[in-house]
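Chemist: The structure that follows is given in the form of C-alpha cells.
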Amino acid sequence: MSDQLIRFVRDHFQTNEFIPLHAPVFPGREKEYVADTIESTFVSSVGAYVDRFERDMADYTGSPKAVATVNGTAALHVALKLAGVESGDLVITQPLTFVATCNAIAYCNAEPVFIDVDRDTLGLSAKALEAWLDEHARLDSVGVCRTRADNKVIRACVPMHTFGHPADLDGLVSVTSRWKIALVEDAAESLGSFYKGKHTGTFGALGTLSFNGNKIMTTGGGGMILTGEALAVRAKHLTTTAKKPHAFEYIHDELGYNYRLPNLNAALGCAQLEQLETFIEAKRALAAAYEEVFSGTDLEFVKEPAECRSNYWLNAVICEDKAHRDELLETTNQQGVMTRPIWALMNHLAMYQSCRRGDLSNSEWLEARVVNLPSSVVIR
C-alpha cells in the first residue's frame with residue numbers, strides 16, 4: 001500500500017522532489033497587498049488591512065465580531081481570559097490535540113482536564129464529557145460547576161476541531177450549557193469548516209482561529225478571536241496592551257498583552273481569504289481522491305462527519321495498528337513523501353502528566369494508528 005500511496009501522491013503533486021505535508025500557496029493578490037503596506041509605511045500593528053481582515057473574517061464566519069492576534073495561541077489565551085478562567089481553575093479539553101491548546105490553558109495558571117475523543121470526529125466526545133461530569137462534578141448553590149472531590153471550579157471547555165473536522169457541537173453545547181461551563185472552541189485548524197451550516201468557532205461564547213504558515217490560509221503568523229460585540233471590545237483592549245485612547249498620553253488601565261497582528265500580516269490574510277473557497281474546493285477534491293485510493297484497503301480514510309463540511313486541512317488515514325503505522329511512516333518519509341503521526345497525547349507530555357483525566361481509550365487507540373498525508377493545495 002505504501003508504494004501505491006507514494007505513486008498517487010507524486011502523480012497528484014506532479015514532482016519527483018520532496019513533497020511536504022502542507023505548504024502555503026500564493027496565487028492571488030498577496031504581493032500587491034503586502035507591497036501596499038510597505039508603501040504606506042504602516043507595516044506594524046496599526047493599519048487599514050488589520051481592520052479589513054477583521055471585518056472580512058467576521059463576514060466569512062458569520063461571527064458578530066472578529067479580533068486579530070499575532071498567532072492562534074495568543075487568541076486562545078485571551079479567549080480563555082475573557083471566558084473567566086482564573087488561576088487554579090480547571091479547563092476541560094481533549095488529550096488528542098496540538099500542544100498550544102493546553103499551553104494556552106497553562107498561561108492562565110489553570111489546569112487542563114483530559115476527556116476522551118470520538119473516533120469518528122477525532123474531537124472531544126460529548127458523551128465522555130457528560131459521563132465524567134456526572135461522576136466528578138456538581139453545581140454549587142450559585143450555579144458554579146465544581147469538582148466533588150476538592151471543590152475546584154470547572155470554568156471552561158475547549159474542544160478542538162481536529163484536522164478541520166467539526167466535533168460534536170450539538171452535544172458539546174448541550175452538556176456545557178447544562179453544567180454552566182463556558183464553551184471556547186479551538187478552531188485553529190477548521191477555517192472554512194461548517195457544522196450543520198454554521199461555521200466552527202461560532203457555537204460558544206468565543207472561538208479562535210490560526211493562520212500559521214501550515215494552515216489552509218496563512219498570514220505568516222496570526223490568529224483570530226471570534227465572539228460577540230461586548231467581548232470583542234474587551235478582546236481588542238487586552239490584545240493591544242490595555243491602552244486607553246488618548247491624544248498623546250500612555251495610559252494602561254489593566255494587565256494587557258502585546259498580541260496585535262501587524263498590518264503586513266493582515267494584508268497577506270486579506271489576499272488569502274479572497275481565495276479560501278478555491279483552496280477548500282481543491283482540498284476536498286484531494287480528499288475524495290485519497291478516499292478512492294484507500295477504498296478496499298487496510299487503511300481507513302478519515303472522512304468528514306455527517307451533516308458537516310470539513311476543510312480537510314490535513315488528510316489522514318487510520319492504520320491497523322502501531323506496527324503498520326510505523327512501517328507507513330518510515331517508507332513514505334524515506335521516499336521523500338512527508339507523512340506524520342498524530343500528536344503524542346497531552347497527558348503523555350512531562351508538563352501535563354499529572355493532570356486529571358477520564359478514560360482515554362479512543363485517544364490512545366488513535367494515537368497508535370493515525371498518519372497524516374500530504375495535503376497542500378494544488379490549483380490547476
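Ordered as shown in the C-alpha cells, chains take letters A, B, and onward, while each chain numbers its residues from 1 and ligands are numbered from 1 in the order shown.
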What are the closest atom pairs, with distances in Å to one decimal, for all residues of region 225-251 of chain A lying within 9 Å of region 200-211 of chain A? Consider only C-alpha atoms, order rows by chain and residue number, and present the result as a tab-separated table.
Modeler:
residue	atom	partner	partner_atom	distance
A:Ile225	CA	A:Thr208	CA	4.6
A:Leu226	CA	A:Gly207	CA	5.0
A:Thr227	CA	A:Leu206	CA	4.8
A:Gly228	CA	A:Ala205	CA	7.4
A:Leu231	CA	A:Leu206	CA	8.4
Chemist: Next, dump the selected residues to file, keeping only N, CA and C atoms, as an mmCIF file, in the first residue's frame.
Modeler:
data_model
loop_
_atom_site.group_PDB
_atom_site.id
_atom_site.type_symbol
_atom_site.label_atom_id
_atom_site.label_comp_id
_atom_site.auth_asym_id
_atom_site.auth_seq_id
_atom_site.Cartn_x
_atom_site.Cartn_y
_atom_site.Cartn_z
ATOM 1 N N ILE A 225 -9.843 35.931 17.193
ATOM 2 C CA ILE A 225 -10.868 35.612 18.179
ATOM 3 C C ILE A 225 -12.219 35.918 17.563
ATOM 4 N N LEU A 226 -13.120 34.932 17.583
ATOM 5 C CA LEU A 226 -14.490 35.106 17.105
ATOM 6 C C LEU A 226 -15.403 35.210 18.319
ATOM 7 N N THR A 227 -16.196 36.271 18.387
ATOM 8 C CA THR A 227 -17.047 36.465 19.557
ATOM 9 C C THR A 227 -18.090 37.534 19.285
ATOM 10 N N GLY A 228 -18.869 37.892 20.316
ATOM 11 C CA GLY A 228 -19.887 38.915 20.204
ATOM 12 C C GLY A 228 -19.340 40.317 20.414
ATOM 13 N N LEU A 231 -17.654 41.251 24.133
ATOM 14 C CA LEU A 231 -16.381 40.574 24.379
ATOM 15 C C LEU A 231 -15.321 40.982 23.363
#
Chemist: Could you go through region 155-230 of chain A and tell me which residues DSSP, when run on the backbone, assigns to strand (DSSP E), listing them as a ChimeraX atom specification?
Modeler: /A:155-158,182-186,194-195,198-199,206-210,223-227
Chemist: Which residues are close to region 35-41 of chain A, i.e. within 12 Å by only C-alpha atoms, leaving aside same-chain residues fewer than 2 positions away? Reply as a PDB file with C-alpha atoms, in the first residue's frame.
Modeler:
ATOM      1  CA  ARG A  29      -3.064  39.490  -4.769  1.00  0.00           C
ATOM      2  CA  GLU A  30      -0.699  38.719  -1.893  1.00  0.00           C
ATOM      3  CA  LYS A  31       2.296  40.599  -3.311  1.00  0.00           C
ATOM      4  CA  GLU A  32       0.132  43.582  -4.264  1.00  0.00           C
ATOM      5  CA  TYR A  33      -1.402  43.949  -0.816  1.00  0.00           C
ATOM      6  CA  VAL A  43       3.641  47.696   8.428  1.00  0.00           C
ATOM      7  CA  SER A  44       3.177  47.184  12.168  1.00  0.00           C
ATOM      8  CA  SER A  45       0.077  46.808  14.332  1.00  0.00           C
ATOM      9  CA  VAL A  46      -1.893  49.797  13.048  1.00  0.00           C
ATOM     10  CA  GLY A  47      -3.208  49.875   9.507  1.00  0.00           C
ATOM     11  CA  ALA A  48      -6.191  49.560   7.208  1.00  0.00           C
ATOM     12  CA  TYR A  49      -5.589  45.901   6.424  1.00  0.00           C
ATOM     13  CA  VAL A  50      -5.980  44.835  10.071  1.00  0.00           C
ATOM     14  CA  PRO A 262       0.844  43.515  12.178  1.00  0.00           C
ATOM     15  CA  ASN A 263      -0.707  45.213   9.173  1.00  0.00           C
ATOM     16  CA  LEU A 264       1.833  43.443   6.960  1.00  0.00           C
ATOM     17  CA  ASN A 265       0.450  40.048   8.006  1.00  0.00           C
ATOM     18  CA  ALA A 266      -3.156  41.203   7.751  1.00  0.00           C
ATOM     19  CA  ALA A 267      -2.573  42.273   4.146  1.00  0.00           C
ATOM     20  CA  LEU A 268      -1.426  38.770   3.312  1.00  0.00           C
ATOM     21  CA  ALA A 271      -5.490  38.273  -0.161  1.00  0.00           C
TER      22      ALA A 271
END
Chemist: Restricting the calculation to only C-alpha atoms, which member of A:Arg138, A:Ala182, A:Lys81, A:Pro166 is positioned closest to Leu255 (chain A)?
Modeler: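 Using only C-alpha atoms, the shortest distance to Leu255 (chain A) belongs to A:Lys81.
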Chemist: Which residue is closest to Glu86 (chain A)? Choose from A:Ala247, A:Val70, A:Leu21, A:Ile154 and count only C-alpha atoms.
Modeler: A:Ile154
Chemist: For CA of Thr331 (chain A) and CA of Val117 (chain A), quote the distance in Å rounded to one decimal.
Modeler: 28.8 Å
Chemist: Excluding same-chain residues fewer than 6 positions from region 213-221 of chain A, what lies within 9 Å of it counting only C-alpha atoms, as a PyMOL selection string?
Modeler: chain A and resi 21-25+70-72+188-192+261+264-270+272-273+275-276+279-280+283+311-314+376-377
Chemist: If we count only C-alpha atoms and set the cut-off at 12 Å, which residues sit around Asp120 (chain A), ignoring sequence neighbours fewer than 5 positions away in its own chain? Please answer as a ChimeraX atom specification.
Modeler: /A:125,161-162,165-168,300-306,317-318,362-363,366
Chemist: Out of A:Val113, A:Ala242, A:Val293, A:Leu172, which residue has the shortest atom-to-atom distance to Val153 (chain A) when counting only C-alpha atoms?
Modeler: A:Val113
Chemist: Compile the contact shell of region 96-100 of chain A as a ChimeraX atom specification: residues with an atom at most 9 Å away, counting only C-alpha atoms, same-chain residues fewer than 4 positions apart removed.
Modeler: /A:72-73,76,104-105,114,116-117,122-124,160-162,342-346,363-364,366-367
Chemist: Ranking A:Ser310, A:Ser174, A:Gln14, A:Asn103 by minimum distance to Lys196 (chain A) and counting only C-alpha atoms, which one comes first?
Modeler: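 So, comparing all the options, the nearest one is A:Ser310.
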Chemist: So that I can see what lies close to Asp56 (chain A), please list as a PyMOL selection string the residues with an atom at most 10 Å from it, counting only C-alpha atoms and leaving out residues fewer than 2 positions away in the same chain.
Modeler: chain A and resi 50-54+58-62+65-66+269-270+273-274
Chemist: I need the residues from that last selection saved to file as a short mmCIF file (atom, residue, chain, number, x, y, z; two decimals), in the first residue's frame (with C-alpha atoms), if you can.
Modeler:
data_model
loop_
_atom_site.label_atom_id
_atom_site.label_comp_id
_atom_site.auth_asym_id
_atom_site.auth_seq_id
_atom_site.Cartn_x
_atom_site.Cartn_y
_atom_site.Cartn_z
CA VAL A 50 -5.98 44.84 10.07
CA ASP A 51 -9.44 46.43 10.20
CA ARG A 52 -10.35 44.97 6.82
CA PHE A 53 -9.13 41.49 7.76
CA GLU A 54 -11.24 41.52 10.93
CA ALA A 58 -16.38 38.14 10.66
CA ASP A 59 -18.39 38.21 7.42
CA TYR A 60 -17.00 34.88 6.24
CA THR A 61 -17.54 33.00 9.50
CA GLY A 62 -20.82 34.66 10.43
CA LYS A 65 -17.06 40.30 15.54
CA ALA A 66 -13.50 39.12 14.89
CA GLY A 269 -4.51 37.42 5.09
CA CYS A 270 -6.90 39.60 3.11
CA LEU A 273 -9.15 34.95 2.31
CA GLU A 274 -10.26 36.07 -1.15
#
